[in-house]
Amino acid sequence: MSTTLAIARREWRAQFASPLAWTVLAAMVALGAWLLLSGIESYGAQAARFAGRADAPGVTDLVVVPCFASLATLFVFVLPLLTMRSIVGERRDGTLPLLFAAGAGGRSIAVGKWLGALGAPAVLLLLLVLMPLSLGVGTTLDVGKIAVAALGLTALAGALCALGVLCSAWAQHPASAALAAMATGTIGWIADAAARERGVTEGLIHWLALPGHLTAAMRGVVATVDLAYFALWVVLCLGLAALRLERLRETG
C-alpha cells in the first residue's frame, strides 16, 4: 500500500507540474462557465413553457443538469489527455525499470497511477460544481440533485482515468495512448446509438453503453447498478494494465 501511495503522490505532483494539466483545467472551466451562462440565458424561455405547472422544473433541472450532461460528453475526449503519459511516459524516460527494482509490482503501479491521475479531474470537478452552486445566491437550487449528478460525473471520471492508464500501458507513445482512450471511450459512449434510433431502449447493448449509467444520477437518483458498472470499468482496466506491466517486467 505504501508503494501504491508513493506512486500516486509522485503522479499527482508530476501532473500538476505539467502545463498541459493547467491548460486542460482552464479550458474545461471556461467551457463549463460558457455552458452555464448559456443555460441561464435560455432559462426564461424554457421556464415559460412550464408556467402554472405544479411540477415545473427549476434552475437545477433546466440549467445545471444539462450543463453537467454536456460536460460528461467532453470528459471522454479531455481526460485521456491527462492520463496519456502515466505509464508510457515512464517507459520512454527509462524510469519504469526503476519502479520494478524498487519492489513495485504491476498492480501497485497501475493502481498508484490511477489514483494519481484522479488529481486533476478531482480539482476540475470541484470547480465545475462550485460554479452552479453560486447560483444559490439568487435562486433556489436542489443541492441534493446536484450532489448526485456530481457523483455520477466522479464515477465517470474514475472509469475514464482507468481506461487512460490501460491505454498508456499498451501504447508506445503518449499521443497514441490518448487517441486509443478517446476512441474506446467514444465507442462506449455511442454503443447504443443505433438501437436508440430504432426505438430499442433495453438490452445488453444499453447496459454496456456509458450514457445510460449517468441518466439516473442526472435525475438525482443514486443507482447502485450504475456505481457497480463504473467500478467494473475501473477493476477491469486496472487489472489488464497490471497484467501488461507484469509482462513488461518479465521481458525487460
# chains A, B, ... in the order shown; residues from 1 in each chain; ligands from 1

$ residues_around --residues "Val78 (chain A)" --least-positions-apart "3" --cutoff "9 Å" --atoms "only C-alpha atoms" --output "PyMOL selection string"
chain A and resi 24+28+74-75+81-82+182

$ residues_around --residues "Val111 (chain A)" --least-positions-apart "4" --cutoff "12 Å" --atoms "only C-alpha atoms" --output "ChimeraX atom specification"
/A:1-9,11,86-87,104-107,115-118,158,161-163,165-166,234-242,245

$ closest_residue --among "A:Trp170, A:Trp233, A:Phe68, A:Trp12" --to "Leu125 (chain A)" --atoms "only C-alpha atoms"
A:Phe68

$ residues_around --residues "Ala149 (chain A)" --least-positions-apart "4" --cutoff "12 Å" --atoms "only C-alpha atoms" --output "ChimeraX atom specification"
/A:60-61,64-69,71-72,125,128-129,132,142-145,153-156,213-223

$ residues_around --residues "Gln172 (chain A)" --least-positions-apart "6" --cutoff "12 Å" --atoms "only C-alpha atoms" --output "tab-separated table (two decimals) with N, CA and C atoms, in the first residue's frame"
chain	number	residue	atom	x	y	z
A	84	MET	N	-2.44	10.19	-20.58
A	84	MET	CA	-1.72	9.56	-21.69
A	84	MET	C	-0.25	9.27	-21.36
A	85	ARG	N	0.36	10.02	-20.45
A	85	ARG	CA	1.77	9.79	-20.13
A	85	ARG	C	1.96	8.93	-18.88
A	86	SER	N	0.91	8.48	-18.26
A	86	SER	CA	1.02	7.84	-16.95
A	86	SER	C	2.00	6.67	-16.93
A	87	ILE	N	1.93	5.78	-17.90
A	87	ILE	CA	2.84	4.63	-17.93
A	87	ILE	C	3.79	4.69	-19.13
A	88	VAL	N	3.26	5.05	-20.29
A	88	VAL	CA	4.14	5.13	-21.45
A	88	VAL	C	5.24	6.17	-21.24
A	89	GLY	N	4.95	7.20	-20.45
A	89	GLY	CA	5.97	8.19	-20.14
A	89	GLY	C	7.10	7.59	-19.32
A	90	GLU	N	6.77	6.69	-18.38
A	90	GLU	CA	7.79	6.01	-17.59
A	90	GLU	C	8.67	5.13	-18.49
A	91	ARG	N	8.05	4.49	-19.46
A	91	ARG	CA	8.81	3.63	-20.37
A	91	ARG	C	9.74	4.46	-21.26
A	92	ARG	N	9.24	5.57	-21.76
A	92	ARG	CA	10.04	6.40	-22.66
A	92	ARG	C	11.19	7.07	-21.90
A	93	ASP	N	10.96	7.41	-20.63
A	93	ASP	CA	12.01	8.04	-19.83
A	93	ASP	C	12.97	7.04	-19.20
A	178	ALA	N	-3.54	8.50	-25.85
A	178	ALA	CA	-4.69	9.39	-25.77
A	178	ALA	C	-5.72	9.06	-26.84
A	179	LEU	N	-5.26	8.82	-28.07
A	179	LEU	CA	-6.18	8.51	-29.15
A	179	LEU	C	-6.91	7.19	-28.90
A	180	ALA	N	-6.19	6.20	-28.37
A	180	ALA	CA	-6.83	4.90	-28.08
A	180	ALA	C	-7.88	5.05	-27.00

$ atom_distance --atom1 "CA of Thr251 (chain A)" --atom2 "CA of Arg10 (chain A)"
25.0 Å

$ select_by_dssp --residues "region 34-157 of chain A" --states "helix (DSSP H, G or I)" --output "PyMOL selection string"
chain A and resi 34-49+59-83+88-93+96-101+106-117+119-137+143-157

$ closest_residue --among "A:Ser134, A:Thr140, A:Thr224, A:Thr186" --to "Pro80 (chain A)" --atoms "only C-alpha atoms"
A:Thr186

$ closest_residue --among "A:Ser176, A:Leu210, A:Leu96, A:Arg244" --to "Ile190 (chain A)" --atoms "only C-alpha atoms"
A:Leu210

$ atom_distance --atom1 "CA of Ala228 (chain A)" --atom2 "CA of Ala120 (chain A)"
23.3 Å

$ residues_around --residues "Ala191 (chain A)" --least-positions-apart "2" --cutoff "8 Å" --atoms "only C-alpha atoms" --output "CSV table (one decimal) with N, CA and C atoms, in the first residue's frame"
chain,number,residue,atom,x,y,z
A,187,ILE,N,-16.6,4.9,-28.4
A,187,ILE,CA,-17.4,3.7,-28.7
A,187,ILE,C,-18.3,3.3,-27.5
A,188,GLY,N,-17.8,3.4,-26.3
A,188,GLY,CA,-18.6,3.2,-25.1
A,188,GLY,C,-19.7,4.2,-25.0
A,189,TRP,N,-19.5,5.4,-25.5
A,189,TRP,CA,-20.5,6.5,-25.4
A,189,TRP,C,-21.6,6.3,-26.4
A,193,ALA,N,-26.3,3.9,-29.7
A,193,ALA,CA,-26.9,5.0,-30.5
A,193,ALA,C,-27.9,4.4,-31.6
A,194,ALA,N,-27.4,3.4,-32.3
A,194,ALA,CA,-28.2,2.8,-33.4
A,194,ALA,C,-29.5,2.2,-32.8
A,205,ILE,N,-26.8,-4.1,-25.0
A,205,ILE,CA,-26.0,-3.0,-25.6
A,205,ILE,C,-26.3,-1.7,-24.8
A,206,HIS,N,-27.4,-1.5,-24.3
A,206,HIS,CA,-27.7,-0.3,-23.5
A,206,HIS,C,-27.0,-0.4,-22.1
A,208,LEU,N,-24.2,-1.8,-21.6
A,208,LEU,CA,-22.7,-1.6,-21.9
A,208,LEU,C,-22.4,-0.2,-22.2
A,209,ALA,N,-23.3,0.6,-22.7
A,209,ALA,CA,-23.1,2.0,-23.1
A,209,ALA,C,-22.9,2.9,-21.9
